[in-house]
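S.K.: The following file, model.tsv, comprises TSV, C-alpha atoms:
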```tsv
chain	number	residue	atom	x	y	z
A	287	MET	CA	151.18	-64.37	-84.02
A	288	THR	CA	150.15	-61.23	-82.14
A	289	ALA	CA	147.18	-59.12	-83.12
A	290	PRO	CA	148.21	-56.26	-85.44
A	291	ASP	CA	148.49	-52.81	-83.90
A	292	PRO	CA	145.37	-50.84	-85.01
A	293	ASP	CA	147.26	-47.55	-85.14
A	294	ARG	CA	149.85	-48.98	-87.47
A	295	LEU	CA	147.11	-50.48	-89.65
A	296	THR	CA	145.27	-47.16	-90.05
A	297	ASP	CA	148.60	-45.48	-90.76
A	298	LEU	CA	149.34	-48.07	-93.44
A	299	GLY	CA	145.86	-47.58	-94.90
A	300	LYS	CA	146.39	-43.83	-95.06
A	301	ARG	CA	149.71	-44.21	-96.84
A	302	LEU	CA	148.20	-46.67	-99.33
A	303	ASP	CA	145.34	-44.24	-100.08
A	304	GLU	CA	147.83	-41.45	-100.68
A	305	ILE	CA	149.80	-43.53	-103.16
A	306	GLN	CA	146.65	-44.65	-104.90
A	307	THR	CA	145.30	-41.13	-105.38
A	308	LYS	CA	148.73	-40.09	-106.64
A	309	GLN	CA	148.75	-42.90	-109.18
A	310	ALA	CA	145.11	-42.59	-110.21
A	311	GLY	CA	145.73	-39.50	-112.34
A	312	ARG	CA	148.56	-41.15	-114.15
A	313	ALA	CA	147.25	-43.06	-117.14
A	314	GLN	CA	148.46	-46.65	-117.34
A	315	ARG	CA	148.70	-46.64	-121.09
A	316	PRO	CA	151.98	-47.40	-122.81
A	317	PRO	CA	153.48	-44.36	-124.54
A	318	PRO	CA	152.81	-44.10	-128.29
A	319	ASN	CA	155.97	-44.94	-130.24
A	320	GLN	CA	157.00	-43.26	-133.47
A	321	SER	CA	156.45	-46.14	-135.87
A	322	GLY	CA	153.08	-46.87	-134.29
A	323	ILE	CA	151.97	-43.29	-134.95
A	324	ALA	CA	153.21	-43.41	-138.55
A	325	PHE	CA	151.47	-46.71	-139.13
A	326	ARG	CA	148.25	-45.39	-137.65
A	327	PHE	CA	148.24	-42.37	-140.00
A	328	ALA	CA	148.94	-44.60	-143.00
A	329	THR	CA	146.07	-46.98	-142.24
A	330	GLU	CA	143.64	-44.12	-141.58
A	331	LEU	CA	144.47	-42.51	-144.90
A	332	VAL	CA	144.35	-45.72	-146.94
A	333	ALA	CA	141.14	-46.87	-145.24
A	334	GLY	CA	139.46	-43.62	-146.31
A	335	LEU	CA	140.43	-44.21	-149.93
A	336	ILE	CA	139.34	-47.85	-149.86
A	337	VAL	CA	135.96	-47.12	-148.31
A	338	GLY	CA	135.33	-44.10	-150.54
A	339	GLY	CA	136.29	-45.92	-153.71
A	340	GLY	CA	134.34	-49.01	-152.68
A	341	LEU	CA	131.21	-46.99	-151.94
A	342	GLY	CA	131.43	-45.15	-155.26
A	343	TRP	CA	131.95	-48.37	-157.16
A	344	GLY	CA	128.97	-49.89	-155.35
A	345	VAL	CA	126.72	-46.92	-156.16
A	346	ASP	CA	127.73	-47.12	-159.84
A	347	TRP	CA	127.10	-50.86	-159.88
A	348	LEU	CA	123.70	-50.43	-158.25
A	349	LEU	CA	122.63	-47.64	-160.60
A	350	GLY	CA	123.87	-49.71	-163.55
A	351	HIS	CA	121.39	-52.39	-162.52
A	352	PHE	CA	118.56	-49.89	-162.85
A	353	GLY	CA	119.71	-48.79	-166.28
A	354	PHE	CA	121.60	-45.62	-165.35
A	355	HIS	CA	125.09	-45.88	-166.76
A	356	THR	CA	126.82	-43.45	-164.43
A	357	ARG	CA	130.11	-45.32	-164.22
A	358	PRO	CA	132.64	-43.87	-163.38
A	359	VAL	CA	131.05	-40.63	-162.10
A	360	PHE	CA	130.26	-41.82	-158.56
A	361	LEU	CA	133.51	-43.79	-158.31
A	362	ILE	CA	135.49	-40.57	-158.88
A	363	LEU	CA	133.23	-38.47	-156.65
A	364	PHE	CA	133.34	-40.89	-153.70
A	365	PHE	CA	137.07	-41.50	-154.17
A	366	VAL	CA	137.67	-37.78	-153.65
A	367	LEU	CA	135.28	-37.72	-150.68
A	368	GLY	CA	137.09	-40.78	-149.29
A	369	ALA	CA	140.43	-38.98	-149.57
A	370	ALA	CA	138.91	-36.06	-147.65
A	371	ALA	CA	137.58	-38.44	-145.01
A	372	GLY	CA	141.00	-40.07	-144.73
A	373	ILE	CA	142.67	-36.72	-144.15
A	374	ARG	CA	139.94	-35.87	-141.62
A	375	ASN	CA	140.77	-39.11	-139.79
A	376	VAL	CA	144.48	-38.34	-139.77
A	377	VAL	CA	143.85	-34.85	-138.38
A	378	ARG	CA	141.61	-36.32	-135.70
A	379	ALA	CA	144.20	-38.99	-134.82
A	380	ALA	CA	146.92	-36.35	-134.62
A	381	ALA	CA	144.75	-34.26	-132.28
A	382	GLU	CA	144.20	-37.31	-130.05
A	383	ILE	CA	147.92	-38.10	-129.92
A	384	ASN	CA	148.74	-34.45	-129.16
A	385	ALA	CA	146.21	-34.42	-126.33
A	386	GLU	CA	147.70	-37.63	-124.93
A	387	ILE	CA	151.25	-36.29	-125.06
A	388	ALA	CA	150.14	-33.07	-123.36
A	389	ARG	CA	148.39	-35.10	-120.67
A	390	THR	CA	151.38	-37.32	-119.91
A	391	ARG	CA	153.64	-34.24	-119.84
A	392	SER	CA	151.44	-32.40	-117.33
A	393	ASP	CA	151.21	-35.62	-115.27
A	394	LYS	CA	154.97	-35.81	-115.16
A	395	GLU	CA	155.25	-32.19	-114.02
A	396	ASN	CA	152.63	-32.64	-111.31
A	397	GLY	CA	153.69	-36.09	-110.24
A	398	SER	CA	157.38	-35.77	-109.51
B	66	MET	CA	166.09	-74.75	-150.66
B	67	ASN	CA	162.79	-73.08	-151.26
B	68	LEU	CA	161.28	-71.46	-148.21
B	69	ASN	CA	158.14	-69.45	-148.71
B	70	PRO	CA	157.65	-66.94	-145.88
B	71	MET	CA	153.94	-66.67	-146.66
B	72	GLU	CA	153.34	-70.40	-146.34
B	73	GLN	CA	152.69	-70.03	-142.60
B	74	PHE	CA	149.50	-68.08	-143.32
B	75	ALA	CA	147.88	-70.77	-145.47
B	76	VAL	CA	144.46	-71.80	-144.18
B	77	LYS	CA	143.88	-75.50	-144.79
B	78	PRO	CA	141.70	-78.30	-143.46
B	79	ILE	CA	143.37	-80.39	-140.76
B	80	PHE	CA	143.12	-83.88	-139.23
B	81	GLY	CA	142.66	-85.26	-142.75
B	82	LEU	CA	139.19	-83.72	-142.77
B	83	ASP	CA	139.20	-83.05	-146.48
B	84	LYS	CA	135.46	-83.40	-146.65
B	85	PRO	CA	133.50	-80.39	-145.38
B	86	LEU	CA	131.90	-80.68	-141.95
B	87	LEU	CA	128.61	-79.21	-143.09
B	88	HIS	CA	127.12	-77.02	-145.77
B	89	ILE	CA	125.53	-73.62	-145.25
B	90	GLY	CA	123.46	-73.20	-148.36
B	91	SER	CA	125.81	-74.56	-151.00
B	92	HIS	CA	128.89	-73.24	-149.22
B	93	PRO	CA	131.08	-75.96	-147.67
B	94	ILE	CA	132.37	-75.40	-144.13
B	95	PHE	CA	135.74	-76.95	-143.24
B	96	PHE	CA	137.43	-77.38	-139.89
B	97	THR	CA	140.73	-75.65	-140.61
B	98	ASN	CA	143.95	-74.97	-138.72
B	99	GLN	CA	142.60	-71.49	-138.10
B	100	ALA	CA	139.41	-72.83	-136.52
B	101	LEU	CA	141.49	-75.16	-134.34
B	102	LEU	CA	143.66	-72.31	-133.08
B	103	MET	CA	140.60	-70.17	-132.31
B	104	VAL	CA	139.09	-73.03	-130.31
B	105	ILE	CA	142.38	-73.50	-128.46
B	106	VAL	CA	142.64	-69.78	-127.68
B	107	ALA	CA	139.04	-69.53	-126.46
B	108	VAL	CA	139.20	-72.68	-124.33
B	109	ALA	CA	142.68	-72.00	-122.93
B	110	SER	CA	141.94	-68.41	-121.92
B	111	ALA	CA	138.55	-69.28	-120.41
B	112	LEU	CA	140.02	-72.22	-118.49
B	113	PHE	CA	143.02	-70.23	-117.26
B	114	LEU	CA	140.98	-67.25	-116.08
B	115	SER	CA	138.32	-69.33	-114.33
B	116	LEU	CA	140.83	-71.71	-112.69
B	117	ALA	CA	143.13	-68.88	-111.65
B	118	VAL	CA	140.50	-66.98	-109.67
B	119	LYS	CA	138.98	-70.17	-108.20
B	120	PRO	CA	141.00	-70.14	-104.93
B	121	GLY	CA	139.88	-66.55	-104.26
B	122	ALA	CA	142.77	-66.10	-101.89
B	123	LEU	CA	143.26	-62.73	-100.19
B	124	VAL	CA	146.96	-62.97	-100.96
B	125	PRO	CA	146.84	-64.12	-104.58
B	126	SER	CA	149.06	-66.74	-106.11
B	127	ARG	CA	150.93	-65.88	-109.30
B	128	SER	CA	148.24	-67.11	-111.66
B	129	GLN	CA	145.46	-65.48	-109.63
B	130	SER	CA	147.29	-62.17	-109.62
B	131	MET	CA	147.76	-62.44	-113.40
B	132	ALA	CA	144.00	-62.83	-113.84
B	133	GLU	CA	143.27	-60.01	-111.40
B	134	LEU	CA	145.82	-57.71	-113.03
B	135	SER	CA	144.29	-58.23	-116.47
B	136	TYR	CA	140.84	-57.56	-115.00
B	137	GLU	CA	142.01	-54.32	-113.40
B	138	PHE	CA	143.93	-53.29	-116.49
B	139	VAL	CA	140.85	-53.54	-118.71
B	140	ALA	CA	138.57	-52.01	-116.09
B	141	ASN	CA	140.89	-48.99	-115.74
B	142	MET	CA	141.12	-48.66	-119.49
B	143	ILE	CA	137.34	-48.58	-119.92
B	144	HIS	CA	136.92	-46.22	-117.00
B	145	SER	CA	139.45	-43.70	-118.30
B	146	ALA	CA	138.13	-43.84	-121.87
B	147	THR	CA	134.35	-43.92	-121.37
B	148	GLY	CA	133.69	-43.03	-117.73
B	149	GLU	CA	131.34	-44.75	-115.29
B	150	ASP	CA	128.56	-45.84	-117.64
B	151	GLY	CA	130.95	-47.52	-120.05
B	152	LEU	CA	131.64	-50.20	-117.46
B	153	LYS	CA	128.58	-52.16	-118.50
B	154	PHE	CA	130.52	-53.04	-121.65
B	155	PHE	CA	133.26	-54.56	-119.54
B	156	PRO	CA	132.43	-58.21	-120.44
B	157	PHE	CA	132.54	-57.42	-124.16
B	158	VAL	CA	135.78	-55.40	-124.10
B	159	PHE	CA	137.48	-57.85	-121.73
B	160	THR	CA	136.59	-60.84	-123.92
B	161	LEU	CA	137.74	-59.01	-127.02
B	162	PHE	CA	141.02	-57.95	-125.41
B	163	ILE	CA	141.80	-61.41	-124.02
B	164	PHE	CA	140.89	-63.12	-127.29
B	165	VAL	CA	143.10	-60.85	-129.41
B	166	LEU	CA	145.92	-60.95	-126.86
B	167	CYS	CA	145.87	-64.76	-126.59
B	168	SER	CA	145.59	-65.15	-130.37
B	169	ASN	CA	148.66	-62.97	-130.80
B	170	PHE	CA	150.59	-64.82	-128.11
B	171	PHE	CA	149.60	-68.31	-129.29
B	172	GLY	CA	150.70	-67.24	-132.76
B	173	MET	CA	154.18	-66.56	-131.36
B	174	VAL	CA	154.62	-70.27	-130.55
B	175	PRO	CA	156.81	-71.64	-133.35
B	176	GLY	CA	154.89	-73.89	-135.71
B	177	SER	CA	151.46	-72.65	-134.64
B	178	PHE	CA	149.13	-70.42	-136.59
B	179	THR	CA	148.37	-66.73	-136.04
B	180	VAL	CA	144.62	-66.25	-136.15
B	181	THR	CA	144.90	-62.44	-136.12
B	182	SER	CA	147.04	-62.46	-139.28
B	183	GLN	CA	143.87	-63.27	-141.26
B	184	ILE	CA	141.91	-60.23	-142.42
B	185	ALA	CA	138.72	-62.31	-142.27
B	186	VAL	CA	139.09	-62.70	-138.50
B	187	THR	CA	140.10	-59.13	-137.69
B	188	LEU	CA	137.48	-57.64	-140.00
B	189	ALA	CA	134.79	-59.80	-138.37
B	190	LEU	CA	135.90	-58.59	-134.92
B	191	ALA	CA	135.97	-54.96	-136.09
B	192	CYS	CA	132.50	-55.25	-137.64
B	193	LEU	CA	131.26	-56.68	-134.35
B	194	VAL	CA	132.63	-53.63	-132.54
B	195	ILE	CA	131.12	-51.14	-135.00
B	196	GLY	CA	127.82	-53.03	-134.97
B	197	LEU	CA	127.73	-52.75	-131.18
B	198	VAL	CA	128.59	-49.03	-131.39
B	199	ILE	CA	125.73	-48.39	-133.83
B	200	VAL	CA	123.22	-50.41	-131.79
B	201	THR	CA	124.30	-48.70	-128.56
B	202	GLY	CA	124.10	-45.26	-130.14
B	203	PHE	CA	120.59	-45.79	-131.50
B	204	MET	CA	119.36	-47.41	-128.26
B	205	LYS	CA	120.70	-44.57	-126.14
B	206	HIS	CA	119.90	-41.54	-128.34
B	207	GLY	CA	117.37	-42.80	-130.89
B	208	PHE	CA	117.73	-40.87	-134.12
B	209	GLY	CA	119.71	-38.21	-132.24
B	210	PHE	CA	122.65	-40.55	-132.79
B	211	LEU	CA	122.76	-39.28	-136.37
B	212	LYS	CA	123.91	-35.91	-134.99
B	213	LEU	CA	127.31	-37.58	-134.81
B	214	PHE	CA	127.55	-37.02	-138.55
B	215	VAL	CA	126.60	-33.34	-138.50
B	216	PRO	CA	129.46	-31.01	-137.57
B	217	HIS	CA	128.96	-27.35	-136.65
B	218	ALA	CA	129.17	-25.60	-140.00
B	219	PRO	CA	127.10	-23.43	-142.34
B	220	TRP	CA	124.49	-25.38	-144.29
B	221	TYR	CA	126.21	-25.08	-147.67
B	222	LEU	CA	129.28	-26.83	-146.23
B	223	LEU	CA	127.17	-29.54	-144.64
B	224	ILE	CA	126.33	-30.89	-148.11
B	225	LEU	CA	130.01	-31.73	-148.42
B	226	LEU	CA	130.80	-32.46	-144.77
B	227	ILE	CA	128.06	-34.99	-143.98
B	228	PRO	CA	129.18	-37.49	-146.66
B	229	ILE	CA	132.77	-37.05	-145.47
B	230	GLU	CA	131.77	-37.71	-141.86
B	231	VAL	CA	129.75	-40.79	-142.88
B	232	ILE	CA	132.67	-42.18	-144.89
B	233	SER	CA	135.00	-41.36	-142.02
B	234	PHE	CA	132.75	-43.39	-139.71
B	235	LEU	CA	132.68	-46.27	-142.18
B	236	THR	CA	136.49	-46.36	-142.37
B	237	ARG	CA	136.69	-47.34	-138.72
B	238	PRO	CA	136.17	-51.09	-139.11
B	239	ILE	CA	138.68	-51.05	-141.99
B	240	SER	CA	141.43	-49.16	-140.18
B	241	LEU	CA	140.78	-51.09	-136.95
B	242	SER	CA	141.10	-54.48	-138.64
B	243	VAL	CA	143.88	-53.57	-141.08
B	244	ARG	CA	146.07	-52.25	-138.28
B	245	LEU	CA	145.92	-55.51	-136.31
B	246	PHE	CA	146.14	-57.76	-139.36
B	247	ALA	CA	149.01	-55.89	-141.05
B	248	ASN	CA	151.08	-55.73	-137.87
B	249	MET	CA	150.81	-59.46	-137.25
B	250	LEU	CA	151.33	-60.32	-140.93
B	251	ALA	CA	154.41	-58.10	-141.22
B	252	GLY	CA	155.99	-59.37	-138.01
B	253	HIS	CA	155.55	-63.05	-138.79
B	254	THR	CA	156.69	-62.63	-142.39
B	255	MET	CA	159.81	-60.85	-141.15
B	256	LEU	CA	160.55	-63.71	-138.74
B	257	ALA	CA	160.14	-66.28	-141.52
B	258	VAL	CA	162.36	-64.31	-143.92
B	259	PHE	CA	165.17	-64.09	-141.37
B	260	GLY	CA	164.67	-67.78	-140.61
B	261	GLY	CA	165.20	-68.40	-144.33
B	262	PHE	CA	168.51	-66.48	-144.13
B	263	VAL	CA	169.71	-68.78	-141.36
B	264	VAL	CA	168.95	-71.89	-143.41
B	265	ALA	CA	170.40	-70.48	-146.62
B	266	LEU	CA	173.65	-69.30	-144.97
B	267	GLY	CA	173.97	-72.45	-142.88
B	268	SER	CA	173.71	-74.75	-145.89
B	269	ALA	CA	176.10	-72.60	-147.96
B	270	GLY	CA	179.07	-74.27	-146.29
B	271	GLY	CA	182.52	-72.95	-145.39
B	272	ALA	CA	182.95	-69.55	-143.79
B	273	LEU	CA	179.42	-68.53	-144.74
B	274	SER	CA	177.97	-71.09	-142.34
B	275	ILE	CA	179.51	-69.25	-139.41
B	276	LEU	CA	177.78	-66.06	-140.56
B	277	SER	CA	174.39	-67.70	-140.11
B	278	VAL	CA	174.67	-66.90	-136.40
B	279	ALA	CA	174.03	-63.21	-137.19
B	280	PRO	CA	170.44	-63.54	-138.51
B	281	MET	CA	169.82	-66.07	-135.74
B	282	LEU	CA	170.64	-63.42	-133.11
B	283	LEU	CA	168.50	-60.93	-135.00
B	284	ILE	CA	165.56	-63.34	-134.84
B	285	VAL	CA	165.85	-63.41	-131.04
B	286	ALA	CA	165.64	-59.61	-130.98
B	287	ILE	CA	162.72	-59.49	-133.42
B	288	MET	CA	160.93	-62.17	-131.40
B	289	LEU	CA	161.09	-59.90	-128.34
B	290	LEU	CA	159.86	-56.96	-130.40
B	291	GLU	CA	157.00	-59.10	-131.72
B	292	LEU	CA	155.96	-60.01	-128.18
B	293	LEU	CA	155.69	-56.28	-127.46
B	294	VAL	CA	153.73	-55.72	-130.70
B	295	ALA	CA	151.41	-58.62	-129.82
B	296	PHE	CA	150.49	-56.93	-126.56
B	297	LEU	CA	150.42	-53.41	-127.97
B	298	GLN	CA	148.09	-54.31	-130.84
B	299	ALA	CA	145.65	-56.09	-128.53
B	300	TYR	CA	145.73	-52.98	-126.32
B	301	VAL	CA	145.17	-50.64	-129.27
B	302	PHE	CA	142.25	-52.75	-130.49
B	303	ALA	CA	140.63	-52.63	-127.05
B	304	ILE	CA	141.24	-48.92	-126.40
B	305	LEU	CA	139.85	-47.94	-129.81
B	306	THR	CA	136.77	-50.05	-129.05
B	307	CYS	CA	136.39	-48.02	-125.84
B	308	ILE	CA	136.86	-44.71	-127.67
B	309	TYR	CA	134.21	-45.60	-130.26
B	310	LEU	CA	131.80	-46.78	-127.55
B	311	ASN	CA	132.42	-43.52	-125.70
B	312	GLU	CA	131.38	-41.55	-128.77
B	313	ALA	CA	128.21	-43.59	-129.13
B	314	LEU	CA	127.40	-43.14	-125.42
B	315	HIS	CA	128.13	-39.45	-125.04
B	316	LEU	CA	128.00	-38.07	-128.60
B	317	HIS	CA	131.06	-36.00	-127.75
B	318	ASP	CA	131.49	-33.39	-130.38
B	319	HIS	CA	135.00	-33.89	-131.57
B	320	HIS	CA	135.28	-30.94	-133.87
```
The structure in this file should be written as structure tokens.

M.R.:
Amino acid sequence: MTAPDPDRLTDLGKRLDEIQTKQAGRAQRPPPNQSGIAFRFATELVAGLIVGGGLGWGVDWLLGHFGFHTRPVFLILFFVLGAAAGIRNVVRAAAEINAEIARTRSDKENGS
Amino acid sequence: MNLNPMEQFAVKPIFGLDKPLLHIGSHPIFFTNQALLMVIVAVASALFLSLAVKPGALVPSRSQSMAELSYEFVANMIHSATGEDGLKFFPFVFTLFIFVLCSNFFGMVPGSFTVTSQIAVTLALACLVIGLVIVTGFMKHGFGFLKLFVPHAPWYLLILLIPIEVISFLTRPISLSVRLFANMLAGHTMLAVFGGFVVALGSAGGALSILSVAPMLLIVAIMLLELLVAFLQAYVFAILTCIYLNEALHLHDHH
């Protein structure tokens, strides 16, 4: 085996660097599919309701222990707050997905 | 024929170990099929990764390049989501990703058990993530971490907005765990239901038996889809971990 030609090696290195910088901007993430997005929104919304309702129920239960019979005031209040938090989560998730789609689109335009 | 598609998710003691291994307080602890699968996943992935990189060859073999690719994949993911200083969480995120991925894939082996189809497992993992996020946030910013819950708004709206932000933060472990658990549960139930069709049609006799090929072919397609879901869900779990860590590290205002 002969020693490799240094000029060819540096040339190869240069080409590899070029390809790598080209690919670096491109995110390696798999594209979000439709059902995945729908499922994500559904879980965010339901999770808000569950956590809100659970918190309210817990507060009522705790206050009941100290002799304040507030049930179901906090359950209703936190359920509504939980619904708001769920919608907040969905809006945030939608903004993230929009940003990701915009990023992949601009990558495509720049890349090819 | 009575085939219950939910039977595959039953957690039960194995090896005839009907007596509990030990007691914590008065609560009995059993060695179940779920525990066995978790041990298998942990040992198999640790053994594979450490044996694969052992040769340390410059031109990697197939197994070594698999290990290196998964390393680079996770490292890139953390870097793009959290930046340079998120890389110190690499061991945590990598372990989490490999554990969830291997659990999902081992669950695809017919007759085995899917650890990630149990809400107890996924919720424990999600609570671990959120616990780490909270600890990191307080260690890095002290009580300034609480600014995460205060959006830019007039004070009279803050009364309403702060509880909403706190609840929104608390929903994270729920949505993180439910997403993984529900995906695995739905996929495996669907496979079992279609498997039931094959048996029912096949044992019906006559021309109906020939029809049982149709759900069989469908199972092959769903199996492929489930392999994709297994990877995708592990990826989603890991990337969301990175996103939450990023928030704790940089307190990015996301309003």

S.K.: Show me, as a PyMOL selection string, every residue of chain A with an atom at most 10 Å from chain B, counting only C-alpha atoms.

M.R.: chain A and resi 310-311+313-316+318+322+325-338+341+364+366-375+378+381-382

S.K.: Find the residues near range 345-347 of chain A: any atom within 7 Å, counting all atoms listed in the file, skip ones fewer than 4 places away on the same chain, and give them as a list in words.

M.R.: Leu341, His351, Thr356, Arg357, Pro358, Phe360 and Leu361 of chain A

S.K.: Can you pull out the residues contacting Ala257 in chain B? Cut-off 9 Å, using only C-alpha atoms, and skip same-chain residues under 4 positions away; I want them as a compact mmCIF listing (two decimals) with C-alpha atoms, keeping the file's coordinate frame.

M.R.:
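Listing of result35.txt after writing:
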```
# COMPACT_ATOMS: atom_id res chain seq x y z
CA LEU B 68 161.28 -71.46 -148.21
CA ASN B 69 158.14 -69.45 -148.71
CA PRO B 70 157.65 -66.94 -145.88
CA MET B 71 153.94 -66.67 -146.66
CA GLN B 73 152.69 -70.03 -142.60
CA GLY B 252 155.99 -59.37 -138.01
CA HIS B 253 155.55 -63.05 -138.79
CA GLY B 261 165.20 -68.40 -144.33
CA PHE B 262 168.51 -66.48 -144.13
```

S.K.: Please measure the separation of CA of Glu304 in chain A and CA of Asn396 in chain A, giving the value in Å to one decimal.

M.R.: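 Distance reported for this atom pair: 14.6 Å.
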
S.K.: Please compute the CA of Leu283 in chain B-CA of Met255 in chain B distance, one decimal, in Å.

M.R.: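 Here the two named atoms are 10.6 Å from each other.
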
S.K.: In Å, rounded to a single decimal, give me how far CA of Ser274 in chain B is from CA of Met173 in chain B.

M.R.: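 Those two atoms sit 26.6 Å apart.
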
S.K.: Counting only C-alpha atoms, which of A:Phe365, A:Pro290, A:Ile387, A:Val359 gets nearest to Asn319 in chain A?

M.R.: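 Result for the nearest residue to Asn319 in chain A: A:Ile387.
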
S.K.: List the neighbours of Ile275 in chain B out to 12 Å using all atoms listed in the file; skip same-chain residues closer than 6 positions along the sequence, and give me the result as a PyMOL selection string.

M.R.: chain B and resi 263-269+281

S.K.: Find the residue from B:Trp220, B:Val76, B:Thr147, B:Lys205 that sits nearest to Ile184 in chain B; use all atoms listed in the file when measuring.

M.R.: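 Under the stated criterion, the closest residue is B:Val76.
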
S.K.: Kindly list the centre and edge lengths in Å, rounded to one decimal, for the axis-aligned box that covers all listed atoms of range 281-291 of chain B plus 3 Å on each of its six sides, as AutoDock Vina command-line options.

M.R.:
```
--center_x 163.8 --center_y -61.5 --center_z -132.0 --size_x 19.6 --size_y 15.1 --size_z 13.4
```

S.K.: Which residue gives the smallest distance to Leu282 in chain B among B:Ala146, B:Leu213, B:Leu87, B:Leu256, with only C-alpha atoms counted?

M.R.: B:Leu256

S.K.: Contacts of Cys167 in chain B at 10 Å or less, counting all atoms listed in the file, minus same-chain residues fewer than 2 places along, as a compact mmCIF listing (two decimals) with C-alpha atoms, in the frame of the given file?

M.R.:
```
# COMPACT_ATOMS: atom_id res chain seq x y z
CA MET B 103 140.60 -70.17 -132.31
CA ILE B 105 142.38 -73.50 -128.46
CA VAL B 106 142.64 -69.78 -127.68
CA ALA B 107 139.04 -69.53 -126.46
CA ALA B 109 142.68 -72.00 -122.93
CA SER B 110 141.94 -68.41 -121.92
CA LEU B 161 137.74 -59.01 -127.02
CA PHE B 162 141.02 -57.95 -125.41
CA ILE B 163 141.80 -61.41 -124.02
CA PHE B 164 140.89 -63.12 -127.29
CA VAL B 165 143.10 -60.85 -129.41
CA ASN B 169 148.66 -62.97 -130.80
CA PHE B 170 150.59 -64.82 -128.11
CA PHE B 171 149.60 -68.31 -129.29
CA GLY B 172 150.70 -67.24 -132.76
CA MET B 173 154.18 -66.56 -131.36
CA THR B 179 148.37 -66.73 -136.04
CA VAL B 180 144.62 -66.25 -136.15
CA THR B 181 144.90 -62.44 -136.12
CA ALA B 295 151.41 -58.62 -129.82
CA PHE B 296 150.49 -56.93 -126.56
CA ALA B 299 145.65 -56.09 -128.53
```

S.K.: Rank B:Leu245, B:Ile284, B:Val174, B:Ala303 by their smallest atom-to-atom distance to Val186 in chain B, using all atoms listed in the file, and report the top residue only.

M.R.: B:Leu245
